[in-house]
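Novice: Below you'll find the structure I mean.
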Amino acid sequence: MKSFPFPICLGELNHTPVGDLRIAVSDRGLVAVEWADFQPDFDSYLLQSNVETVAPYANELREYLEGKRRKFTFSINWSIFRPFQKQVLQKVFKIPYGETRTYSEIAAEIHRPIAYRAVGRANATNPMPLVIPCHRLIGADGKLHGYGGGEGLKTKEWLLKLEGAVIA
């Protein structure tokens with residue numbers, strides 16, 4: 001079970017185009033977004049439930065999935081990450097809506113050009129998919145590779161099409 005030095009609130013966002021989602025929030029910001037199918041893993045974040053605390057996050061996520069929002073305005077609790085993962089995910093977070101980057105481009109941006117596999121691993125354990133847009137990462141061949149959320153690559157492709165990204 002994950003433990004945090006601060007309280008976590010859990011909320012739900014159901015009936016979205018990519019499935020039912022669960023959201024975890026602390027007083028410092030977003031901690032996690034996960035598909036409801038992964039509820040047993042997600043329960044490790046839960047300390048208390050507070051719909052009012054989570055509602056602004058859920059609203060922005062719903063707007064994004066409906067194509068009405070391109071950027072999130074809520075805080076992210078970056079303190080939950082290890083240094084390398086934080087460095088990688090902060091770069092991924094900055095990939096503009098509708099654009100893609102390769103794993104090796106992110107590795108180069110953090111001045112670790114041969115660490116593209118480690119970049120992939122950091123994204124595979126991203127606890128905030130959609131918000132930290134790991135779906136915007138593609139392979140060096142320009143194709144979609146790996147996505148653990150929803151229906152995998154089908155969901156990744158749907159998200160990129162929602163954003164109008166050009167994919168091979």
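In the structure tokens, the first chain shown is A, the next is B, and so on; residue numbers restart at 1 for each chain, and ligands run from 1 in the order shown.
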If you count only C-alpha atoms, which residues fall within 9 Å of region 117-119 of chain A, apart from same-chain ones fewer than 3 positions away, as a list in words?

Specialist: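 So the residues in contact are Phe84, Gln85, Val88, Leu89, Tyr103, Ser104, Ile106, Ala107, Ile114, Ala122, Asn123 and Ala124 of chain A.
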
Novice: Determine which residues of chain A DSSP labels as strand (DSSP E) from the backbone of this structure, then write them out as JSON, numbers by chain.

Specialist: {"A": [8, 9, 10, 11, 12, 13, 14, 15, 16, 19, 20, 21, 22, 23, 24, 25, 26, 29, 30, 31, 32, 33, 34, 35, 48, 49, 101, 102, 137, 138]}

Novice: Give me the region 16-111 of chain A side of the contact with region 133-154 of chain A, cut-off 6 Å, one line per residue showing its nearest atom pair and distance in Å at one decimal, counting only C-alpha atoms, sorted by chain and residue number, as JSON lines.

Specialist:
```
{"residue": "A:Thr100", "atom": "CA", "partner": "A:Arg136", "partner_atom": "CA", "distance": 4.6}
{"residue": "A:Arg101", "atom": "CA", "partner": "A:Leu137", "partner_atom": "CA", "distance": 5.1}
{"residue": "A:Thr102", "atom": "CA", "partner": "A:Ile138", "partner_atom": "CA", "distance": 4.9}
```

Novice: Neighbours of Lys161 (chain A) within 12 Å (only C-alpha atoms; same-chain residues fewer than 2 positions away dropped), as a list in words?

Specialist: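 The residues that qualify are Leu65, Gly67, Tyr97, Gly98, Glu99, Thr100, His135, Arg136, Lys154, Thr155, Lys156, Glu157, Trp158, Leu159, Glu163, Gly164, Ala165, Val166, Ile167 and Ala168 of chain A.
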
Novice: Using the selection just defined, write its residues with N, CA and C atoms as a short mmCIF file (atom, residue, chain, number, x, y, z; two decimals), in the first residue's frame.

Specialist:
```
data_model
loop_
_atom_site.label_atom_id
_atom_site.label_comp_id
_atom_site.auth_asym_id
_atom_site.auth_seq_id
_atom_site.Cartn_x
_atom_site.Cartn_y
_atom_site.Cartn_z
N LEU A 65 -11.98 15.47 -22.18
CA LEU A 65 -12.43 14.29 -22.93
C LEU A 65 -13.59 14.59 -23.88
N GLY A 67 -13.47 17.33 -25.65
CA GLY A 67 -12.86 18.21 -26.63
C GLY A 67 -13.07 19.68 -26.35
N TYR A 97 -0.83 20.36 -26.52
CA TYR A 97 -2.03 19.68 -27.00
C TYR A 97 -1.91 19.48 -28.51
N GLY A 98 -2.18 18.27 -28.97
CA GLY A 98 -2.16 17.99 -30.40
C GLY A 98 -0.79 17.71 -30.98
N GLU A 99 0.25 17.74 -30.15
CA GLU A 99 1.59 17.45 -30.63
C GLU A 99 2.10 16.16 -30.02
N THR A 100 3.12 15.58 -30.62
CA THR A 100 3.73 14.37 -30.09
C THR A 100 5.24 14.58 -29.98
N HIS A 135 0.22 9.79 -23.51
CA HIS A 135 -0.31 9.35 -24.80
C HIS A 135 0.30 10.13 -25.96
N ARG A 136 0.94 11.25 -25.67
CA ARG A 136 1.57 12.07 -26.71
C ARG A 136 2.97 11.59 -27.07
N LYS A 154 -5.59 1.45 -28.51
CA LYS A 154 -6.85 1.99 -29.04
C LYS A 154 -7.21 3.29 -28.32
N THR A 155 -7.03 3.32 -27.01
CA THR A 155 -7.30 4.53 -26.24
C THR A 155 -6.29 5.62 -26.56
N LYS A 156 -5.02 5.25 -26.68
CA LYS A 156 -3.98 6.21 -27.04
C LYS A 156 -4.30 6.86 -28.38
N GLU A 157 -4.66 6.06 -29.34
CA GLU A 157 -5.01 6.57 -30.67
C GLU A 157 -6.23 7.50 -30.58
N TRP A 158 -7.24 7.12 -29.81
CA TRP A 158 -8.44 7.94 -29.66
C TRP A 158 -8.08 9.31 -29.07
N LEU A 159 -7.23 9.32 -28.05
CA LEU A 159 -6.82 10.58 -27.41
C LEU A 159 -6.06 11.47 -28.39
N GLU A 163 -7.23 15.20 -30.03
CA GLU A 163 -6.39 16.40 -30.02
C GLU A 163 -5.99 16.86 -31.42
N GLY A 164 -6.32 16.06 -32.44
CA GLY A 164 -5.96 16.43 -33.81
C GLY A 164 -4.50 16.18 -34.14
N ALA A 165 -3.84 15.32 -33.38
CA ALA A 165 -2.44 15.00 -33.65
C ALA A 165 -2.31 14.15 -34.91
N VAL A 166 -1.23 14.36 -35.63
CA VAL A 166 -0.95 13.56 -36.81
C VAL A 166 -0.17 12.32 -36.36
N ILE A 167 -0.71 11.14 -36.67
CA ILE A 167 -0.03 9.90 -36.29
C ILE A 167 0.14 9.00 -37.50
N ALA A 168 1.21 8.19 -37.47
CA ALA A 168 1.51 7.31 -38.60
C ALA A 168 0.58 6.12 -38.62
#
```

Novice: Please return, as an MDAnalysis selection string, all residues of region 18-142 of chain A that DSSP assigns to helix (DSSP H, G or I) on the basis of the backbone.

Specialist: chainID A and resid 36:45 51:65 78:80 83:93 103:109 116:124 134:136

Novice: Residues near Leu13 (chain A), anyone? I mean within 7 Å using only C-alpha atoms, not counting same-chain ones fewer than 3 positions away, as a list in words.

Specialist: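 Contacts, in chain order: Asp20, Leu21, Arg22 and Ala58 of chain A.
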
Novice: Would you compute the distance between CA of Gly11 (chain A) and CA of Phe93 (chain A)? Give it in Å to one decimal.

Specialist: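 Distance reported for this atom pair: 22.1 Å.
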
Novice: Enter the distance from CA of Arg28 (chain A) to CA of Lys68 (chain A), in Å, rounded to one decimal.

Specialist: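 Distance between the two atoms: 25.2 Å.
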
Novice: Considering only C-alpha atoms, can you say which of A:Arg82, A:Gly29, A:Arg70, A:Leu162 comes closest to Pro96 (chain A)?

Specialist: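 The closest residue to Pro96 (chain A) is A:Arg70.
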